[in-house]
>>> print(open('upload_18.txt').read())   # compact mmCIF, C-alpha atoms (C1' of nucleotides)
# COMPACT_ATOMS: atom_id res chain seq x y z
CA MET N 7 74.40 203.54 107.99
CA THR N 8 75.75 200.05 107.65
CA GLY N 9 73.26 197.40 106.71
CA TYR N 10 73.81 193.70 106.24
CA ALA N 11 72.03 191.31 103.92
CA PRO N 12 70.66 188.17 105.59
CA ALA N 13 73.50 185.98 104.36
CA GLU N 14 76.05 188.44 105.68
CA ALA N 15 74.33 188.70 109.05
CA ALA N 16 74.28 184.92 109.25
CA ARG N 17 77.97 184.74 108.44
CA ARG N 18 78.87 187.39 111.01
CA SER N 19 76.69 186.06 113.80
CA GLY N 20 77.23 182.37 113.22
CA PHE N 21 73.50 181.71 113.22
CA SER N 22 71.82 180.15 110.21
CA LEU N 23 69.42 182.13 108.05
CA ASP N 24 66.60 179.99 109.33
CA THR N 25 67.61 180.71 112.90
CA LEU N 26 67.69 184.45 112.26
CA ARG N 27 64.19 184.29 110.82
CA TYR N 28 63.11 182.09 113.69
CA TYR N 29 64.51 184.53 116.27
CA GLU N 30 62.59 187.32 114.63
CA LYS N 31 59.40 185.29 114.40
CA ILE N 32 59.37 184.47 118.11
CA GLY N 33 60.13 188.04 119.06
CA LEU N 34 63.75 187.79 120.12
CA LEU N 35 64.91 190.08 117.37
CA ALA N 36 62.29 192.76 116.86
CA ASP N 37 61.68 195.21 114.07
CA VAL N 38 64.37 194.08 111.69
CA GLU N 39 64.43 196.62 108.88
CA ARG N 40 63.29 195.73 105.40
CA THR N 41 63.92 196.92 101.88
CA ALA N 42 60.95 198.25 99.92
CA GLY N 43 60.54 194.73 98.59
CA GLY N 44 60.41 193.16 102.04
CA GLN N 45 63.92 191.70 102.33
CA ARG N 46 65.64 191.99 105.69
CA VAL N 47 68.45 194.43 106.35
CA PHE N 48 70.33 193.84 109.59
CA THR N 49 71.94 196.77 111.39
CA ASP N 50 75.01 196.82 113.61
CA ASP N 51 72.59 197.03 116.48
CA ASP N 52 70.93 193.79 115.39
CA LEU N 53 74.35 192.22 115.15
CA GLY N 54 75.05 193.35 118.70
CA TRP N 55 71.92 191.61 119.87
CA LEU N 56 72.92 188.48 118.04
CA VAL N 57 76.30 188.48 119.76
CA LEU N 58 74.49 188.70 123.08
CA PHE N 59 72.08 185.93 122.14
CA ARG N 60 75.00 183.74 121.22
CA CYS N 61 76.58 184.40 124.57
CA LEU N 62 73.38 183.60 126.44
CA ARG N 63 72.57 180.59 124.32
CA ASP N 64 76.09 179.17 124.65
CA THR N 65 75.79 179.50 128.40
CA GLY N 66 72.53 177.60 128.38
CA MET N 67 69.90 180.28 128.79
CA PRO N 68 66.53 179.10 127.49
CA ILE N 69 65.03 181.12 124.67
CA ALA N 70 62.04 182.15 126.77
CA GLN N 71 64.37 183.93 129.15
CA MET N 72 66.32 185.62 126.37
CA ARG N 73 63.01 186.82 125.03
CA ARG N 74 62.11 188.21 128.41
CA TYR N 75 65.40 190.07 128.52
CA ALA N 76 64.90 191.50 125.03
CA GLN N 77 61.37 192.47 125.96
CA LEU N 78 62.58 194.36 129.02
CA ALA N 79 65.23 196.14 127.00
CA ARG N 80 62.55 197.31 124.59
CA GLU N 81 60.45 198.65 127.41
CA GLY N 82 63.10 201.22 128.21
CA GLU N 83 65.36 202.55 130.90
CA HIS N 84 63.15 201.71 133.83
CA THR N 85 63.87 198.00 133.41
CA VAL N 86 67.64 198.19 133.84
CA ASP N 87 67.52 196.86 137.40
CA GLU N 88 65.48 193.86 136.38
CA ARG N 89 67.72 193.21 133.40
CA ARG N 90 70.84 193.38 135.54
CA GLU N 91 69.32 190.97 138.04
CA LEU N 92 68.28 188.60 135.32
CA LEU N 93 71.84 188.50 134.01
CA ARG N 94 73.26 188.12 137.50
CA ARG N 95 71.05 185.17 138.28
CA HIS N 96 72.01 183.62 134.99
CA ALA N 97 75.70 184.19 135.71
CA GLU N 98 75.28 182.31 138.97
CA GLN N 99 73.77 179.40 137.14
CA VAL N 100 76.65 179.46 134.69
CA GLU N 101 79.08 179.31 137.59
CA GLU N 102 77.27 176.26 138.90
CA GLN N 103 77.36 174.77 135.44
CA MET N 104 81.11 175.35 135.22
CA ARG N 105 81.71 173.71 138.57
CA LEU N 106 79.68 170.66 137.55
CA LEU N 107 81.44 170.45 134.22
CA GLN N 108 84.83 170.67 135.90
CA ARG N 109 83.88 167.99 138.40
CA GLN N 110 82.64 165.59 135.75
CA TYR N 111 85.66 166.36 133.60
CA ASP N 112 87.87 165.31 136.49
CA HIS N 113 85.93 162.04 136.77
CA LEU N 114 86.39 161.50 133.09
CA ARG N 115 90.13 162.10 133.26
CA GLU N 116 90.37 159.63 136.09
CA LYS N 117 88.54 157.04 134.06
CA ILE N 118 90.98 157.64 131.22
CA ARG N 119 93.90 157.25 133.63
CA PHE N 120 92.42 153.92 134.64
CA TYR N 121 92.62 152.79 131.02
CA GLU N 122 96.15 154.13 130.65
CA ARG N 123 97.34 152.19 133.68
CA LEU N 124 95.76 148.98 132.53
CA PRO N 125 98.33 146.17 132.38
CA GLY N 126 99.19 144.82 128.94
CA ARG N 127 99.47 148.07 126.92
CA MET V 2 75.05 140.52 147.13
CA THR V 3 73.59 143.99 147.36
CA GLY V 4 70.57 144.63 145.22
CA TYR V 5 68.60 147.84 144.86
CA ALA V 6 64.93 148.27 144.11
CA PRO V 7 64.14 150.64 141.24
CA ALA V 8 63.19 153.53 143.51
CA GLU V 9 66.43 153.12 145.44
CA ALA V 10 68.50 152.97 142.26
CA ALA V 11 66.78 156.11 141.05
CA ARG V 12 67.50 157.88 144.30
CA ARG V 13 71.14 156.86 144.28
CA SER V 14 71.81 157.63 140.65
CA GLY V 15 69.75 160.75 140.37
CA PHE V 16 67.98 159.43 137.28
CA SER V 17 64.22 159.06 137.25
CA LEU V 18 62.58 155.64 137.15
CA ASP V 19 61.43 156.36 133.64
CA THR V 20 64.94 157.26 132.62
CA LEU V 21 66.33 154.04 134.09
CA ARG V 22 63.77 152.03 132.14
CA TYR V 23 64.50 154.09 129.07
CA TYR V 24 68.25 153.48 129.38
CA GLU V 25 67.62 149.78 129.59
CA LYS V 26 65.21 149.80 126.69
CA ILE V 27 67.68 151.49 124.34
CA GLY V 28 70.49 149.18 125.39
CA LEU V 29 72.58 151.48 127.53
CA LEU V 30 72.03 149.42 130.60
CA ALA V 31 71.97 145.76 129.65
CA ASP V 32 70.75 142.70 131.46
CA VAL V 33 69.37 144.30 134.57
CA GLU V 34 68.45 141.48 136.92
CA ARG V 35 64.86 140.69 137.77
CA THR V 36 62.95 139.06 140.58
CA ALA V 37 60.92 135.96 139.79
CA GLY V 38 57.98 138.29 139.24
CA GLY V 39 59.83 140.45 136.74
CA GLN V 40 60.74 143.48 138.85
CA ARG V 41 64.15 145.02 138.37
CA VAL V 42 66.97 144.60 140.85
CA PHE V 43 69.91 146.91 140.30
CA THR V 44 73.39 145.80 141.36
CA ASP V 45 76.35 147.90 142.48
CA ASP V 46 77.72 147.28 139.04
CA ASP V 47 74.65 148.83 137.46
CA LEU V 48 75.01 151.77 139.81
CA GLY V 49 78.60 152.15 138.66
CA TRP V 50 77.45 152.34 135.08
CA LEU V 51 74.86 154.93 136.01
CA VAL V 52 77.51 157.07 137.64
CA LEU V 53 79.50 156.89 134.43
CA PHE V 54 76.47 157.72 132.32
CA ARG V 55 75.79 160.72 134.50
CA CYS V 56 79.34 161.90 134.02
CA LEU V 57 79.16 161.46 130.27
CA ARG V 58 75.71 162.96 130.00
CA ASP V 59 76.62 165.96 132.12
CA THR V 60 79.60 166.59 129.88
CA GLY V 61 77.37 166.51 126.82
CA MET V 62 78.01 163.12 125.29
CA PRO V 63 75.12 162.05 123.08
CA ILE V 64 73.33 158.88 124.07
CA ALA V 65 74.32 157.12 120.86
CA GLN V 66 77.97 157.46 121.82
CA MET V 67 77.37 156.27 125.37
CA ARG V 68 75.65 153.27 123.90
CA ARG V 69 78.62 152.61 121.68
CA TYR V 70 80.90 152.75 124.70
CA ALA V 71 78.69 150.37 126.67
CA GLN V 72 78.52 148.06 123.66
CA LEU V 73 82.32 147.97 123.41
CA ALA V 74 82.65 147.26 127.12
CA ARG V 75 80.31 144.31 126.74
CA GLU V 76 82.35 142.93 123.89
CA GLY V 77 85.27 142.37 126.22
CA GLU V 78 88.91 143.13 126.82
CA HIS V 79 89.93 143.52 123.21
CA THR V 80 88.06 146.80 122.97
CA VAL V 81 89.93 148.66 125.71
CA ASP V 82 91.99 150.68 123.22
CA GLU V 83 88.93 151.85 121.40
CA ARG V 84 87.15 152.68 124.62
CA ARG V 85 90.10 154.69 125.89
CA GLU V 86 90.27 156.59 122.61
CA LEU V 87 86.57 157.28 122.68
CA LEU V 88 86.88 158.77 126.16
CA ARG V 89 89.96 160.76 125.18
CA ARG V 90 88.24 162.30 122.20
CA HIS V 91 85.30 163.14 124.37
CA ALA V 92 87.56 164.72 126.98
CA GLU V 93 89.00 166.97 124.29
CA GLN V 94 85.54 168.10 123.34
CA VAL V 95 84.78 168.80 126.98
CA GLU V 96 87.92 170.94 127.18
CA GLU V 97 86.71 172.91 124.18
CA GLN V 98 83.31 173.22 125.79
CA MET V 99 84.89 174.54 128.99
CA ARG V 100 86.90 177.11 127.08
CA LEU V 101 83.79 178.34 125.26
CA LEU V 102 81.77 178.45 128.45
CA GLN V 103 84.51 180.45 130.20
CA ARG V 104 84.75 182.86 127.29
CA GLN V 105 81.03 183.48 127.17
CA TYR V 106 80.90 183.73 130.94
CA ASP V 107 83.49 186.51 130.73
CA HIS V 108 81.32 188.31 128.17
CA LEU V 109 78.38 187.96 130.46
CA ARG V 110 80.27 189.37 133.43
CA GLU V 111 81.34 192.32 131.34
CA LYS V 112 77.75 192.97 130.34
CA ILE V 113 76.79 192.88 134.01
CA ARG V 114 79.60 195.33 134.80
CA PHE V 115 78.14 197.60 132.16
CA TYR V 116 74.87 197.62 134.05
CA GLU V 117 76.61 198.16 137.37
CA ARG V 118 78.45 201.20 136.05
CA LEU V 119 75.35 202.73 134.60
CA PRO V 120 74.84 206.28 135.89
CA GLY V 121 71.86 206.87 138.14
CA ARG V 122 71.96 203.78 140.36
C1' DC Q 9 65.54 194.02 80.07
C1' DT Q 10 66.72 189.47 81.58
C1' DC Q 11 68.37 186.27 84.52
C1' DC Q 12 69.13 183.79 88.62
C1' DA Q 13 70.89 183.62 93.16
C1' DA Q 14 69.26 185.21 97.21
C1' DC Q 15 65.38 186.19 99.49
C1' DC Q 16 60.36 185.84 101.21
C1' DT Q 17 56.17 183.35 103.86
C1' DG Q 18 53.53 179.93 106.55
C1' DG Q 19 53.68 175.80 108.14
C1' DA Q 20 55.25 171.06 108.60
C1' DG Q 21 58.98 168.09 110.13
C1' DT Q 22 63.12 166.67 112.87
C1' DG Q 23 66.12 164.92 116.63
C1' DC Q 24 66.97 164.46 121.16
C1' DG Q 25 66.04 162.89 125.59
C1' DC Q 26 63.13 161.96 128.14
C1' DT Q 27 58.13 161.78 130.43
C1' DC Q 28 53.58 160.26 130.86
C1' DC Q 29 49.81 157.07 130.49
C1' DA Q 30 46.57 153.07 130.78
C1' DG Q 31 45.82 148.99 132.29
C1' DG Q 32 47.55 145.47 134.60
C1' DT Q 33 51.04 142.66 138.21
C1' DC Q 34 53.92 142.02 142.35
C1' DA Q 35 55.19 141.65 147.15
C1' DA Q 36 55.63 143.02 151.88
C1' DG Q 37 53.15 144.59 156.14
C1' DG Q 38 49.12 143.74 159.00
C1' DC H 7 44.61 136.19 152.94
C1' DC H 8 44.13 141.12 151.80
C1' DT H 9 45.47 145.42 150.84
C1' DT H 10 48.13 148.89 148.72
C1' DG H 11 52.07 151.10 147.13
C1' DA H 12 55.70 150.07 144.13
C1' DC H 13 56.40 148.08 139.95
C1' DC H 14 55.58 146.21 135.04
C1' DT H 15 54.84 146.89 129.59
C1' DG H 16 54.18 149.11 125.07
C1' DG H 17 53.44 153.02 123.11
C1' DA H 18 52.04 157.86 122.74
C1' DG H 19 53.29 162.59 123.82
C1' DC H 20 56.18 166.51 124.98
C1' DG H 21 59.43 170.57 124.98
C1' DC H 22 63.02 172.60 122.96
C1' DA H 23 65.40 174.72 119.32
C1' DC H 24 65.73 174.65 115.36
C1' DT H 25 65.49 173.01 110.15
C1' DC H 26 63.37 172.14 105.94
C1' DC H 27 60.04 172.77 102.33
C1' DA H 28 57.03 174.53 98.51
C1' DG H 29 55.87 177.93 95.94
C1' DG H 30 56.47 182.57 94.99
C1' DT H 31 59.23 187.46 94.92
C1' DT H 32 63.24 190.54 94.69
C1' DG H 33 67.13 192.95 93.04
C1' DG H 34 71.83 193.53 91.37
C1' DA H 35 75.11 191.88 87.55
C1' DG H 36 75.58 191.75 82.68
>>> encode(input="upload_18.txt", output="structure tokens")
Amino acid sequence: MTGYAPAEAARRSGFSLDTLRYYEKIGLLADVERTAGGQRVFTDDDLGWLVLFRCLRDTGMPIAQMRRYAQLAREGEHTVDERRELLRRHAEQVEEQMRLLQRQYDHLREKIRFYERLPGR
Amino acid sequence: MTGYAPAEAARRSGFSLDTLRYYEKIGLLADVERTAGGQRVFTDDDLGWLVLFRCLRDTGMPIAQMRRYAQLAREGEHTVDERRELLRRHAEQVEEQMRLLQRQYDHLREKIRFYERLPGR
DNA sequence: CTCCAACCTGGAGTGCGCTCCAGGTCAAGG
DNA sequence: CCTTGACCTGGAGCGCACTCCAGGTTGGAG
């Protein structure tokens, strides 16, 4: 029964304390356990969710969509198809994002080459 | 002497009219020509800048830095070294961004594989 | 038991990059 | 000339994802 204090959860997940509270407030992270006194105790499961949120956030998924995913997961087994499809559609968008980024990176490198070939240094 | 009306410039650059005006207002795009009556006329040169801004924006450069670059370019030849370095530093950040995106994309694909391997469909 | 760093809440504030609006002006086709 | 759609300005507003704050509570070390 591992439990992490807020500061520890923040350190492990890379999110700030405020962000963890925010994620709970908007219903991304649900039912975070509390001590008798009301202080949060994060479980390994919570940490797992945070790792996923980081992945989705870093790949540009809007919070509303992450919330939808989390919501579906909470509804149980019968939503697995929808969850899988949601992730697949997102993955496609990430692929598009990567292609665009690569393309613009190539432009950028060419622009830099232009500067490097400039006469007089 | 090609000149483009605002709507045409927007179409060609992919930026909205409002964004074009905004870019001029904040000093990204300087000295856009006008008709006698005050309406903007975009040149091929302006369009070139817009293509660059799109590249930089799509690769995540903040507007303040784009403005700095544009400022340097306007100051003349003696800023080429600084401009090149600015672009190089940015390119490095884009590389880092691409690595992160790839890493998180891999996580995402693995998560999707998890769903695909799920027993019972 | 005391202390104090870490935690709590609700709500306001921030930064970014646009986007929209009202109320007027311009200019090209008919 | 007249119409009308594209354009102008200054400034307010928006959506997102946090981030910060005040004022109070908790809980483990000593």
>>> atom_distance(input="upload_18.txt", atom1="CA of Val52 (chain V)", atom2="CA of Gln40 (chain V)")
21.6 Å
>>> atom_distance(input="upload_18.txt", atom1="CA of Val47 (chain N)", atom2="C1' of DG30 (chain H)")
20.3 Å
>>> interface_residues(input="upload_18.txt", of="chain N", to="chain Q", cutoff="10 Å", atoms="only C-alpha atoms (C1' of nucleotides)", output="list in words")
Ala11, Pro12, Ala13, Gly43, Gly44, Gln45 and Arg46 of chain N
>>> residues_around(input="upload_18.txt", residues="DC24 (chain H)", least_positions_apart="6", cutoff="9 Å", atoms="only C-alpha atoms (C1' of nucleotides)", output="NGL selection string")
(:N and (24-25 or 28)) or (:Q and (22))
>>> interface_residues(input="upload_18.txt", of="chain V", to="chain N", cutoff="10 Å", atoms="all atoms listed in the file", output="ChimeraX atom specification")
/V:52-53,55-61,81-82,84-89,91-93,95-96,98-99,101-110,112-117,119,122
>>> interface_residues(input="upload_18.txt", of="chain H", to="chain N", cutoff="10 Å", atoms="all atoms listed in the file", output="list in words")
DC22, DA23, DC24, DT25, DC26, DT31, DT32 and DG33 of chain H
>>> build_atoms(input="upload_18.txt", residues="region 39-50 of chain N", atoms="all heavy atoms", output="PDB file, in the frame of the given file")
ATOM      1  N   GLU N  39      64.780 195.788 110.031  1.00  0.00           N
ATOM      2  CA  GLU N  39      64.430 196.620 108.880  1.00  0.00           C
ATOM      3  C   GLU N  39      64.248 195.800 107.618  1.00  0.00           C
ATOM      4  O   GLU N  39      64.774 194.697 107.512  1.00  0.00           O
ATOM      5  CB  GLU N  39      65.509 197.681 108.656  1.00  0.00           C
ATOM      6  CG  GLU N  39      65.468 198.782 109.720  1.00  0.00           C
ATOM      7  CD  GLU N  39      66.604 199.775 109.529  1.00  0.00           C
ATOM      8  OE1 GLU N  39      67.083 199.931 108.379  1.00  0.00           O
ATOM      9  OE2 GLU N  39      67.013 200.392 110.540  1.00  0.00           O
ATOM     10  N   ARG N  40      63.531 196.396 106.683  1.00  0.00           N
ATOM     11  CA  ARG N  40      63.290 195.730 105.400  1.00  0.00           C
ATOM     12  C   ARG N  40      63.543 196.687 104.258  1.00  0.00           C
ATOM     13  O   ARG N  40      63.383 197.904 104.411  1.00  0.00           O
ATOM     14  CB  ARG N  40      61.828 195.255 105.319  1.00  0.00           C
ATOM     15  CG  ARG N  40      61.349 194.336 106.430  1.00  0.00           C
ATOM     16  CD  ARG N  40      62.127 193.066 106.477  1.00  0.00           C
ATOM     17  NE  ARG N  40      61.608 192.168 107.524  1.00  0.00           N
ATOM     18  CZ  ARG N  40      60.971 191.036 107.246  1.00  0.00           C
ATOM     19  NH1 ARG N  40      60.780 190.646 105.999  1.00  0.00           N
ATOM     20  NH2 ARG N  40      60.547 190.256 108.234  1.00  0.00           N
ATOM     21  N   THR N  41      63.847 196.113 103.107  1.00  0.00           N
ATOM     22  CA  THR N  41      63.920 196.920 101.880  1.00  0.00           C
ATOM     23  C   THR N  41      62.472 197.156 101.449  1.00  0.00           C
ATOM     24  O   THR N  41      61.544 196.567 102.011  1.00  0.00           O
ATOM     25  CB  THR N  41      64.629 196.155 100.757  1.00  0.00           C
ATOM     26  OG1 THR N  41      63.855 194.989 100.451  1.00  0.00           O
ATOM     27  CG2 THR N  41      66.019 195.728 101.155  1.00  0.00           C
ATOM     28  N   ALA N  42      62.298 197.991 100.442  1.00  0.00           N
ATOM     29  CA  ALA N  42      60.950 198.250  99.920  1.00  0.00           C
ATOM     30  C   ALA N  42      60.283 196.926  99.543  1.00  0.00           C
ATOM     31  O   ALA N  42      59.087 196.743  99.741  1.00  0.00           O
ATOM     32  CB  ALA N  42      61.028 199.170  98.705  1.00  0.00           C
ATOM     33  N   GLY N  43      61.071 196.016  99.035  1.00  0.00           N
ATOM     34  CA  GLY N  43      60.540 194.730  98.590  1.00  0.00           C
ATOM     35  C   GLY N  43      60.322 193.714  99.700  1.00  0.00           C
ATOM     36  O   GLY N  43      59.862 192.605  99.460  1.00  0.00           O
ATOM     37  N   GLY N  44      60.679 194.057 100.918  1.00  0.00           N
ATOM     38  CA  GLY N  44      60.410 193.160 102.040  1.00  0.00           C
ATOM     39  C   GLY N  44      61.593 192.320 102.495  1.00  0.00           C
ATOM     40  O   GLY N  44      61.447 191.498 103.390  1.00  0.00           O
ATOM     41  N   GLN N  45      62.775 192.519 101.898  1.00  0.00           N
ATOM     42  CA  GLN N  45      63.920 191.700 102.330  1.00  0.00           C
ATOM     43  C   GLN N  45      64.598 192.345 103.536  1.00  0.00           C
ATOM     44  O   GLN N  45      64.687 193.569 103.647  1.00  0.00           O
ATOM     45  CB  GLN N  45      64.875 191.511 101.151  1.00  0.00           C
ATOM     46  CG  GLN N  45      64.107 190.899  99.983  1.00  0.00           C
ATOM     47  CD  GLN N  45      64.975 190.166  98.980  1.00  0.00           C
ATOM     48  OE1 GLN N  45      64.506 189.791  97.919  1.00  0.00           O
ATOM     49  NE2 GLN N  45      66.245 189.939  99.303  1.00  0.00           N
ATOM     50  N   ARG N  46      65.061 191.496 104.440  1.00  0.00           N
ATOM     51  CA  ARG N  46      65.640 191.990 105.690  1.00  0.00           C
ATOM     52  C   ARG N  46      66.973 192.710 105.493  1.00  0.00           C
ATOM     53  O   ARG N  46      67.778 192.312 104.651  1.00  0.00           O
ATOM     54  CB  ARG N  46      65.866 190.826 106.658  1.00  0.00           C
ATOM     55  CG  ARG N  46      64.599 190.265 107.256  1.00  0.00           C
ATOM     56  CD  ARG N  46      64.890 189.055 108.104  1.00  0.00           C
ATOM     57  NE  ARG N  46      63.652 188.483 108.608  1.00  0.00           N
ATOM     58  CZ  ARG N  46      62.845 187.707 107.901  1.00  0.00           C
ATOM     59  NH1 ARG N  46      63.156 187.393 106.650  1.00  0.00           N
ATOM     60  NH2 ARG N  46      61.729 187.241 108.426  1.00  0.00           N
ATOM     61  N   VAL N  47      67.170 193.732 106.303  1.00  0.00           N
ATOM     62  CA  VAL N  47      68.450 194.430 106.350  1.00  0.00           C
ATOM     63  C   VAL N  47      68.826 194.517 107.824  1.00  0.00           C
ATOM     64  O   VAL N  47      68.126 195.158 108.606  1.00  0.00           O
ATOM     65  CB  VAL N  47      68.329 195.854 105.757  1.00  0.00           C
ATOM     66  CG1 VAL N  47      69.672 196.556 105.847  1.00  0.00           C
ATOM     67  CG2 VAL N  47      67.846 195.796 104.319  1.00  0.00           C
ATOM     68  N   PHE N  48      69.905 193.847 108.195  1.00  0.00           N
ATOM     69  CA  PHE N  48      70.330 193.840 109.590  1.00  0.00           C
ATOM     70  C   PHE N  48      71.267 194.999 109.868  1.00  0.00           C
ATOM     71  O   PHE N  48      72.157 195.283 109.061  1.00  0.00           O
ATOM     72  CB  PHE N  48      71.022 192.510 109.908  1.00  0.00           C
ATOM     73  CG  PHE N  48      70.086 191.320 109.866  1.00  0.00           C
ATOM     74  CD1 PHE N  48      69.793 190.682 108.665  1.00  0.00           C
ATOM     75  CD2 PHE N  48      69.482 190.856 111.031  1.00  0.00           C
ATOM     76  CE1 PHE N  48      68.922 189.592 108.626  1.00  0.00           C
ATOM     77  CE2 PHE N  48      68.610 189.770 110.990  1.00  0.00           C
ATOM     78  CZ  PHE N  48      68.336 189.136 109.791  1.00  0.00           C
ATOM     79  N   THR N  49      71.081 195.645 111.002  1.00  0.00           N
ATOM     80  CA  THR N  49      71.940 196.770 111.390  1.00  0.00           C
ATOM     81  C   THR N  49      73.032 196.271 112.346  1.00  0.00           C
ATOM     82  O   THR N  49      72.991 195.135 112.820  1.00  0.00           O
ATOM     83  CB  THR N  49      71.123 197.827 112.141  1.00  0.00           C
ATOM     84  OG1 THR N  49      70.610 197.231 113.345  1.00  0.00           O
ATOM     85  CG2 THR N  49      69.963 198.312 111.289  1.00  0.00           C
ATOM     86  N   ASP N  50      73.964 197.148 112.640  1.00  0.00           N
ATOM     87  CA  ASP N  50      75.010 196.820 113.610  1.00  0.00           C
ATOM     88  C   ASP N  50      74.380 196.533 114.970  1.00  0.00           C
ATOM     89  O   ASP N  50      74.859 195.701 115.729  1.00  0.00           O
ATOM     90  CB  ASP N  50      76.004 197.982 113.729  1.00  0.00           C
ATOM     91  CG  ASP N  50      77.032 197.951 112.606  1.00  0.00           C
ATOM     92  OD1 ASP N  50      77.519 196.846 112.289  1.00  0.00           O
ATOM     93  OD2 ASP N  50      77.335 199.004 112.027  1.00  0.00           O
TER      94      ASP N  50
END
